[in-house]
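Colleague: For reference, this is coords13.cif, and it has mmCIF, C-alpha atoms.
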```
data_coords
loop_
_atom_site.label_atom_id
_atom_site.label_comp_id
_atom_site.auth_asym_id
_atom_site.auth_seq_id
_atom_site.Cartn_x
_atom_site.Cartn_y
_atom_site.Cartn_z
CA MET A 1 47.92 34.71 -17.50
CA GLY A 2 47.46 32.85 -20.79
CA GLY A 3 45.26 29.94 -21.76
CA LYS A 4 45.55 26.46 -20.41
CA VAL A 5 47.82 23.92 -22.03
CA SER A 6 48.10 20.18 -21.51
CA LEU A 7 51.35 19.44 -19.70
CA SER A 8 53.46 16.35 -19.25
CA LEU A 9 56.36 15.77 -16.90
CA SER A 10 57.95 13.03 -19.00
CA LEU A 11 60.79 15.25 -20.19
CA LYS A 12 63.93 13.80 -21.75
CA THR A 13 67.02 14.23 -19.64
CA ASP A 14 70.52 12.83 -19.39
CA SER A 15 70.29 9.76 -17.17
CA SER A 16 73.86 10.06 -15.91
CA GLU A 17 74.03 11.32 -12.33
CA THR A 18 76.78 13.38 -10.80
CA SER A 19 78.46 12.27 -7.63
CA TYR A 20 78.97 14.95 -5.00
CA CYS A 21 81.40 15.25 -2.15
CA ARG A 22 79.00 17.61 -0.52
CA ASP A 23 75.70 18.85 -1.84
CA PRO A 24 75.21 22.54 -1.01
CA LEU A 25 71.86 23.42 0.53
CA VAL A 26 69.64 24.95 -2.16
CA SER A 27 66.57 27.15 -1.84
CA VAL A 28 64.26 27.32 -4.87
CA ILE A 29 62.14 30.47 -4.92
CA VAL A 30 58.90 30.51 -6.94
CA PRO A 31 56.59 33.54 -6.87
CA THR A 32 53.09 32.94 -8.23
CA PHE A 33 49.99 34.91 -9.07
CA ASN A 34 46.75 33.42 -10.41
CA ARG A 35 48.36 30.42 -12.07
CA LYS A 36 46.41 27.66 -10.33
CA HIS A 37 46.44 25.51 -13.48
CA LEU A 38 50.26 25.68 -13.77
CA ILE A 39 51.71 25.95 -10.27
CA GLU A 40 50.82 22.38 -9.28
CA VAL A 41 52.76 20.88 -12.19
CA ALA A 42 55.63 23.33 -11.71
CA LEU A 43 56.00 22.35 -8.05
CA GLN A 44 55.71 18.66 -8.84
CA SER A 45 58.63 18.96 -11.26
CA LEU A 46 60.71 20.55 -8.51
CA LEU A 47 59.83 17.72 -6.15
CA ASN A 48 60.95 15.16 -8.75
CA GLN A 49 64.61 16.20 -8.82
CA THR A 50 67.64 13.90 -8.79
CA TYR A 51 69.28 16.24 -6.29
CA SER A 52 69.47 14.98 -2.69
CA ARG A 53 65.98 15.49 -1.30
CA ASP A 54 67.32 16.54 2.11
CA ARG A 55 69.53 19.24 0.54
CA TYR A 56 66.91 21.54 -0.93
CA GLU A 57 63.77 23.42 -0.06
CA ILE A 58 61.08 24.99 -2.23
CA ILE A 59 59.62 28.33 -1.18
CA VAL A 60 56.50 29.37 -3.07
CA ILE A 61 55.18 32.89 -2.52
CA ASP A 62 51.56 33.60 -3.38
CA ASP A 63 51.38 37.25 -4.47
CA GLY A 64 47.72 37.74 -3.63
CA SER A 65 46.12 35.19 -5.97
CA THR A 66 42.34 35.13 -6.26
CA ASP A 67 41.83 32.00 -8.39
CA GLY A 68 42.13 29.26 -5.76
CA THR A 69 45.91 29.02 -5.95
CA GLU A 70 46.15 28.88 -2.16
CA SER A 71 44.16 25.65 -1.79
CA THR A 72 46.12 24.03 -4.63
CA ILE A 73 49.47 24.84 -3.03
CA ARG A 74 48.40 23.89 0.48
CA THR A 75 47.38 20.44 -0.78
CA ILE A 76 50.90 19.96 -2.17
CA VAL A 77 52.51 21.29 1.00
CA ASP A 78 50.49 18.85 3.10
CA ARG A 79 51.93 15.98 1.05
CA ASP A 80 55.55 17.12 1.48
CA PRO A 81 55.79 19.68 4.31
CA ASP A 82 59.52 19.11 4.83
CA ARG A 83 60.44 20.40 1.39
CA ILE A 84 57.84 23.03 0.51
CA ARG A 85 57.02 26.23 2.36
CA TYR A 86 54.09 28.42 1.42
CA LEU A 87 54.21 32.17 2.01
CA GLU A 88 51.55 34.78 1.28
CA GLU A 89 51.57 38.52 0.73
CA ASN A 90 49.32 41.19 -0.70
CA HIS A 91 49.65 41.78 -4.43
CA ARG A 92 52.90 43.76 -4.53
CA GLY A 93 54.59 42.25 -7.56
CA PRO A 94 57.26 39.60 -8.19
CA ALA A 95 60.18 41.66 -6.84
CA SER A 96 58.56 41.94 -3.42
CA ALA A 97 57.42 38.31 -3.50
CA ARG A 98 60.93 37.03 -4.25
CA ASN A 99 62.35 39.21 -1.49
CA LEU A 100 59.94 37.66 0.99
CA GLY A 101 61.15 34.24 -0.10
CA LEU A 102 64.80 35.30 0.11
CA ARG A 103 64.40 36.49 3.68
CA GLU A 104 63.08 33.05 4.63
CA ALA A 105 65.55 31.03 2.54
CA LYS A 106 67.96 28.71 4.36
CA GLY A 107 70.04 27.67 1.37
CA GLU A 108 73.62 28.56 0.46
CA ILE A 109 72.48 28.76 -3.16
CA VAL A 110 69.24 30.36 -4.30
CA ILE A 111 67.61 29.29 -7.56
CA PHE A 112 64.89 31.47 -9.06
CA THR A 113 62.28 30.03 -11.39
CA GLY A 114 58.72 30.79 -12.44
CA ASP A 115 55.28 29.39 -11.79
CA ASP A 116 54.96 28.69 -15.52
CA CYS A 117 58.24 26.75 -15.73
CA ILE A 118 58.53 22.95 -15.59
CA ALA A 119 61.94 21.90 -14.28
CA ASP A 120 64.02 19.21 -15.91
CA LYS A 121 64.81 16.58 -13.27
CA GLU A 122 68.53 17.55 -13.32
CA LEU A 123 67.89 21.28 -12.86
CA LEU A 124 69.05 21.62 -9.26
CA ALA A 125 72.00 19.28 -9.76
CA GLU A 126 73.20 21.29 -12.77
CA HIS A 127 73.05 24.59 -10.90
CA ALA A 128 74.76 23.16 -7.82
CA THR A 129 77.52 21.51 -9.87
CA TYR A 130 78.50 24.81 -11.49
CA HIS A 131 78.57 26.59 -8.14
CA LYS A 132 80.80 23.88 -6.70
CA LYS A 133 83.16 23.85 -9.66
CA LEU A 134 83.43 27.58 -10.35
CA GLY A 135 83.02 29.21 -6.95
CA ASN A 136 81.45 32.62 -6.54
CA ILE A 137 79.36 32.96 -9.69
CA ALA A 138 75.78 33.30 -10.84
CA VAL A 139 74.47 30.54 -13.09
CA LEU A 140 72.07 31.13 -15.97
CA GLY A 141 70.12 28.10 -17.15
CA ILE A 142 68.12 27.86 -20.35
CA VAL A 143 64.37 28.28 -20.84
CA LYS A 144 62.85 26.19 -23.62
CA ASN A 145 59.28 26.14 -24.80
CA HIS A 146 57.40 23.14 -23.47
CA PRO A 147 56.83 20.53 -26.22
CA ASN A 148 53.06 20.93 -25.84
CA ILE A 149 53.13 24.63 -26.69
CA PRO A 150 51.81 25.01 -30.27
CA ARG A 151 54.71 25.79 -32.62
CA THR A 152 53.31 28.92 -34.29
CA SER A 153 55.20 31.50 -36.33
CA LEU A 154 55.00 33.86 -33.36
CA VAL A 155 56.52 31.29 -31.01
CA GLU A 156 59.29 30.63 -33.50
CA TYR A 157 59.93 34.36 -33.83
CA LEU A 158 60.02 34.94 -30.06
CA GLU A 159 62.50 32.09 -29.60
CA ASN A 160 65.04 33.89 -31.76
CA SER A 161 64.32 37.55 -31.14
CA PHE A 162 65.13 40.32 -28.73
CA GLU A 163 61.58 40.39 -27.36
CA GLN A 164 61.85 37.39 -25.05
CA PHE A 165 64.81 35.40 -23.71
CA HIS A 166 67.09 35.80 -26.79
CA TYR A 167 69.28 32.80 -25.91
CA SER A 168 70.24 32.72 -29.57
CA ALA A 169 72.55 35.63 -28.80
CA ILE A 170 74.65 33.38 -26.53
CA ALA A 171 77.37 31.38 -28.24
CA SER A 172 76.73 27.64 -28.20
CA SER A 173 79.86 26.88 -26.15
CA ASN A 174 78.97 25.97 -22.58
CA MET A 175 80.27 27.67 -19.39
CA LYS A 176 80.47 31.00 -21.18
CA GLU A 177 80.24 34.22 -19.19
CA VAL A 178 77.26 36.31 -20.26
CA SER A 179 76.02 39.84 -19.69
CA PHE A 180 73.76 40.76 -16.78
CA HIS A 181 71.09 41.42 -19.43
CA PHE A 182 70.58 37.64 -19.37
CA PHE A 183 69.87 37.47 -15.63
CA PHE A 184 66.45 35.89 -16.21
CA THR A 185 64.66 34.79 -13.05
CA SER A 186 62.88 32.04 -14.95
CA ASN A 187 66.09 30.03 -14.47
CA VAL A 188 69.05 31.60 -12.66
CA SER A 189 70.93 31.00 -9.41
CA VAL A 190 73.31 32.84 -7.12
CA ARG A 191 74.82 32.37 -3.68
CA LYS A 192 72.67 33.92 -0.96
CA GLU A 193 75.68 35.70 0.55
CA VAL A 194 76.00 37.66 -2.70
CA LEU A 195 72.53 39.09 -2.19
CA SER A 196 73.45 40.02 1.37
CA SER A 197 76.20 42.18 -0.12
CA VAL A 198 74.48 43.70 -3.15
CA GLY A 199 70.89 43.90 -1.92
CA LEU A 200 67.66 42.17 -2.90
CA PHE A 201 65.24 42.95 -5.72
CA ASN A 202 64.26 46.61 -5.98
CA GLU A 203 60.63 46.80 -4.91
CA LEU A 204 60.01 49.94 -6.94
CA TYR A 205 59.38 47.45 -9.75
CA LYS A 206 55.77 46.32 -9.40
CA TYR A 207 55.59 44.27 -12.60
CA PRO A 208 57.57 41.34 -14.07
CA ALA A 209 59.92 43.42 -16.23
CA TRP A 210 63.49 44.63 -15.62
CA GLU A 211 63.55 43.84 -11.89
CA ASP A 212 65.72 40.79 -12.59
CA ILE A 213 68.06 42.64 -14.98
CA ASP A 214 68.38 45.37 -12.35
CA LEU A 215 69.61 42.83 -9.79
CA GLY A 216 71.90 41.19 -12.34
CA HIS A 217 73.41 44.59 -13.10
CA ARG A 218 74.31 45.10 -9.45
CA ILE A 219 75.72 41.59 -9.10
CA GLN A 220 77.94 41.81 -12.16
CA LYS A 221 78.93 45.47 -12.16
CA ARG A 222 79.28 46.22 -8.44
CA LEU A 223 80.66 42.91 -7.20
CA ARG A 224 82.33 41.77 -10.46
CA ILE A 225 80.69 38.36 -10.14
CA PRO A 226 80.49 36.52 -13.46
CA ILE A 227 77.22 35.11 -14.79
CA VAL A 228 77.93 31.76 -16.41
CA PHE A 229 75.65 29.98 -18.87
CA ASN A 230 74.84 26.30 -18.31
CA GLU A 231 72.79 24.97 -21.22
CA ASN A 232 72.16 21.71 -19.33
CA ALA A 233 70.16 23.47 -16.59
CA VAL A 234 66.77 23.39 -18.30
CA VAL A 235 63.25 24.53 -17.56
CA TYR A 236 60.33 24.29 -19.96
CA HIS A 237 58.22 27.39 -20.39
CA CYS A 238 54.48 26.64 -20.35
CA HIS A 239 53.15 30.01 -21.34
CA PRO A 240 50.94 30.00 -24.45
CA THR A 241 50.99 33.35 -26.17
CA SER A 242 49.31 35.35 -28.91
CA LEU A 243 50.19 38.54 -30.71
CA ILE A 244 47.91 40.54 -28.39
CA ARG A 245 49.57 39.05 -25.29
CA ALA A 246 53.02 39.67 -26.77
CA MET A 247 52.07 43.30 -27.48
CA LYS A 248 50.90 43.79 -23.89
CA ARG A 249 54.17 42.28 -22.68
CA GLU A 250 56.23 44.66 -24.85
CA LEU A 251 54.16 47.65 -23.76
CA MET A 252 54.95 46.73 -20.15
CA ARG A 253 58.64 46.22 -20.95
CA GLY A 254 58.85 49.63 -22.61
CA ARG A 255 57.09 51.29 -19.68
CA GLU A 256 59.19 49.64 -16.97
CA TYR A 257 62.38 50.26 -18.93
CA VAL A 258 62.02 53.94 -18.06
CA LEU A 259 62.27 53.06 -14.37
CA TYR A 260 65.24 50.79 -15.06
CA ARG A 261 67.06 53.60 -16.85
CA LYS A 262 66.45 55.99 -13.96
CA LEU A 263 67.97 53.47 -11.57
CA ASN A 264 70.79 52.34 -13.88
CA SER A 265 71.82 55.33 -15.96
CA ASP A 266 75.27 53.79 -16.55
CA ASP A 267 73.78 50.98 -18.64
CA ARG A 268 74.14 52.86 -21.92
CA MET A 269 74.74 49.82 -24.10
CA HIS A 270 71.35 48.34 -23.40
CA ALA A 271 69.59 51.69 -23.75
CA SER A 272 70.75 51.95 -27.34
CA GLU A 273 69.92 48.29 -27.94
CA LEU A 274 66.34 48.71 -26.78
CA LEU A 275 65.65 51.99 -28.57
CA SER A 276 67.57 51.57 -31.82
CA HIS A 277 65.33 48.94 -33.43
CA SER A 278 64.45 51.23 -36.31
CA PHE A 279 62.36 50.12 -39.25
CA LEU A 280 65.52 49.92 -41.36
CA SER A 281 67.24 47.57 -38.90
CA VAL A 282 64.10 45.46 -38.81
CA ILE A 283 63.99 45.14 -42.59
CA ALA A 284 67.67 44.25 -42.73
CA ARG A 285 67.37 41.52 -40.11
CA TYR A 286 64.23 39.61 -41.03
CA ASP A 287 63.51 38.21 -44.47
CA ARG A 288 60.25 36.41 -43.58
CA PRO A 289 57.34 38.84 -43.99
CA VAL A 290 55.49 37.56 -40.92
CA PHE A 291 58.61 38.01 -38.77
CA LEU A 292 58.94 41.54 -40.07
CA LEU A 293 55.32 42.18 -39.10
CA PHE A 294 55.91 40.82 -35.58
CA ARG A 295 58.98 43.01 -35.14
CA LEU A 296 57.23 46.16 -36.32
CA VAL A 297 54.14 45.60 -34.18
CA LEU A 298 56.08 44.67 -31.04
CA SER A 299 58.56 47.52 -31.51
CA LEU A 300 55.64 49.93 -31.75
CA ALA A 301 54.09 48.49 -28.57
CA ARG A 302 57.42 48.86 -26.76
CA PHE A 303 57.77 52.46 -27.96
CA VAL A 304 54.25 53.32 -26.75
CA GLY A 305 55.13 51.76 -23.39
CA TYR A 306 58.26 53.88 -23.23
CA ILE A 307 56.19 57.05 -23.74
CA VAL A 308 53.73 55.97 -21.04
CA GLY A 309 56.58 55.15 -18.68
CA SER A 310 58.20 58.55 -19.28
CA VAL A 311 55.06 60.12 -17.87
CA LYS A 312 54.42 57.53 -15.16
CA TYR A 313 57.94 57.66 -13.72
CA ARG A 314 58.67 61.32 -14.38
CA ASN A 315 58.74 62.19 -10.69
CA VAL A 316 59.71 58.82 -9.23
CA ASN A 317 61.90 59.08 -6.13
CA ILE A 318 64.74 56.61 -6.65
CA GLU A 319 65.92 57.31 -3.13
CA SER A 320 62.89 55.29 -1.93
CA CYS A 321 64.48 52.17 -3.36
CA THR A 322 63.77 49.06 -1.27
CA CYS A 323 66.53 46.54 -1.98
#
```
Kindly return the structure encoded in the file as structure tokens.
Modeller:
Amino acid sequence: MGGKVSLSLSLKTDSSETSYCRDPLVSVIVPTFNRKHLIEVALQSLLNQTYSRDRYEIIVIDDGSTDGTESTIRTIVDRDPDRIRYLEENHRGPASARNLGLREAKGEIVIFTGDDCIADKELLAEHATYHKKLGNIAVLGIVKNHPNIPRTSLVEYLENSFEQFHYSAIASSNMKEVSFHFFFTSNVSVRKEVLSSVGLFNELYKYPAWEDIDLGHRIQKRLRIPIVFNENAVVYHCHPTSLIRAMKRELMRGREYVLYRKLNSDDRMHASELLSHSFLSVIARYDRPVFLLFRLVLSLARFVGYIVGSVKYRNVNIESCTC
């Protein structure tokens, strides 16, 4: 869950506003679990949007929190009941939580973001503009580290590596179609009717790893719907990290990747990408010794997770998929 960090909502944005012929109705879906110290600021940023206030709703799903998250959210809901809805479920993971929100969503467009993400005030407008201009697409926004997150060597490494969002792999030109491997639910949107066709999140995933890529794979490969990058749709990630936390994250990613491969055996490109980070490729890519250390340690954690997942999911019944 990470340590606490001092947050500020005074984020720099472009002051120019877009004029709309018709603002599509938007549903913002935010699952949360034991992030009482972050969810209040995250929701406040979503309430402070330039987008027409009567054209969006926020659905926050509490995935069985035990830290007082419920009372925090209910206080916010009481202040703005027309725009925020609060749903609860037992601790079943983010895939199930998002699905609960999706079933309740009224919007034409659904935006997914996280409980540790602070939205730029133009976030909803940027997503909606792309959907209006480009039609039946998914829109990937960008996730930046919040300015108050300490700028450590590890943070710098994660910003430019495979281990986290790897936006550096996307060309700088805007409105570029990207692979489903970038379907990050920290900041992505899609028309709700698309999900009616391709299915919701697969609830076999109980942890926050690969469930979003799995859905992106179905959207792009089955329906041939492009995922377009909009670098002006910004959220700020407020998740302090450490090497130990990063190792635990990579262990989980390696473990859950086994389930992803069972469900998506046609995704051969990403299989080789995940598993081919040999020591030689690491040495060739990173010239800073500390970056090399991070890569070696995190690659080892991911490999251990992969071994654990091979045992854990050896007899998993993919026919029990709940999508």
Colleague: Could you give me, as a PyMOL selection string, the residues within 9 Å of region 26-38 of chain A, counting all atoms listed in the file and dropping anything in the same chain fewer than 3 positions from it?
Modeller: chain A and resi 1+4-5+7+23+41-43+46+55-70+72-73+91+93-95+97-98+101-102+105-118+124+128+189+238
Colleague: Could you write out as a list in words the residues that the PyMOL selection byres ((chain A and resi 149) around 8) matches in the shown file?
Modeller: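 Residues picked by the PyMOL selection byres ((chain A and resi 149) around 8): Val5, Asn145, His146, Pro147, Asn148, Pro150, Arg151, Cys238, His239 and Pro240 of chain A.
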Colleague: Need the shell around Asn315 (chain A): protein/DNA/RNA residues with any atom at most 12 Å away, counting all atoms listed in the file. Skip same-chain ones fewer than 5 positions apart. Format as a ChimeraX atom specification?
Modeller: /A:258-259,262,309-310,320
Colleague: Which one is closest to Arg103 (chain A): A:Val235, A:Leu292, A:Val311, A:Leu195? Count all atoms listed in the file.
Modeller: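 Under the stated criterion, the closest residue is A:Leu195.
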Colleague: Which residues are close to region 203-208 of chain A, i.e. within 10 Å by all atoms listed in the file, leaving aside same-chain residues fewer than 2 positions away? Reply as an MDAnalysis selection string.
Modeller: chainID A and resid 91:99 185 200:201 210:212 214 249 252:253 256 259:260 263 316:318 320:323
Colleague: Measuring atom to atom with only C-alpha atoms, identify which of A:Tyr51, A:Tyr157, A:Phe180, A:Tyr167 is nearest to Glu231 (chain A).
Modeller: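 Result for the nearest residue to Glu231 (chain A): A:Tyr167.
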Colleague: Could you check how far CA of Val297 (chain A) sits from CA of Ser265 (chain A), in Å to one decimal?
Modeller: 27.2 Å
Colleague: Ranking A:His217, A:Lys144, A:Asn136, A:Val198 by minimum distance to Leu158 (chain A) and counting all atoms listed in the file, which one comes first?
Modeller: A:Lys144
Colleague: Taking the point (67.7, 30.4, -30.1) as given in the file, collect each protein or nucleic acid residue that comes within 10 Å of it, counting only C-alpha atoms, and present the set as a PDB file with C-alpha atoms, in the coordinates of the input.
Modeller:
```pdb
ATOM      1  CA  LYS A 144      62.850  26.190 -23.620  1.00  0.00           C
ATOM      2  CA  GLU A 156      59.290  30.630 -33.500  1.00  0.00           C
ATOM      3  CA  TYR A 157      59.930  34.360 -33.830  1.00  0.00           C
ATOM      4  CA  LEU A 158      60.020  34.940 -30.060  1.00  0.00           C
ATOM      5  CA  GLU A 159      62.500  32.090 -29.600  1.00  0.00           C
ATOM      6  CA  ASN A 160      65.040  33.890 -31.760  1.00  0.00           C
ATOM      7  CA  SER A 161      64.320  37.550 -31.140  1.00  0.00           C
ATOM      8  CA  PHE A 165      64.810  35.400 -23.710  1.00  0.00           C
ATOM      9  CA  HIS A 166      67.090  35.800 -26.790  1.00  0.00           C
ATOM     10  CA  TYR A 167      69.280  32.800 -25.910  1.00  0.00           C
ATOM     11  CA  SER A 168      70.240  32.720 -29.570  1.00  0.00           C
ATOM     12  CA  ALA A 169      72.550  35.630 -28.800  1.00  0.00           C
ATOM     13  CA  ILE A 170      74.650  33.380 -26.530  1.00  0.00           C
ATOM     14  CA  ALA A 171      77.370  31.380 -28.240  1.00  0.00           C
ATOM     15  CA  SER A 172      76.730  27.640 -28.200  1.00  0.00           C
TER      16      SER A 172
END
```
Colleague: Of the candidates A:Ala301, A:Ile227, A:Leu154, A:Val178, which one gets nearest to Leu243 (chain A) if we count all atoms listed in the file?
Modeller: A:Leu154
Colleague: Could you please determine the separation between CA of Lys121 (chain A) and CA of Asn48 (chain A) in Å, to one decimal place?
Modeller: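 It comes out at 6.1 Å.
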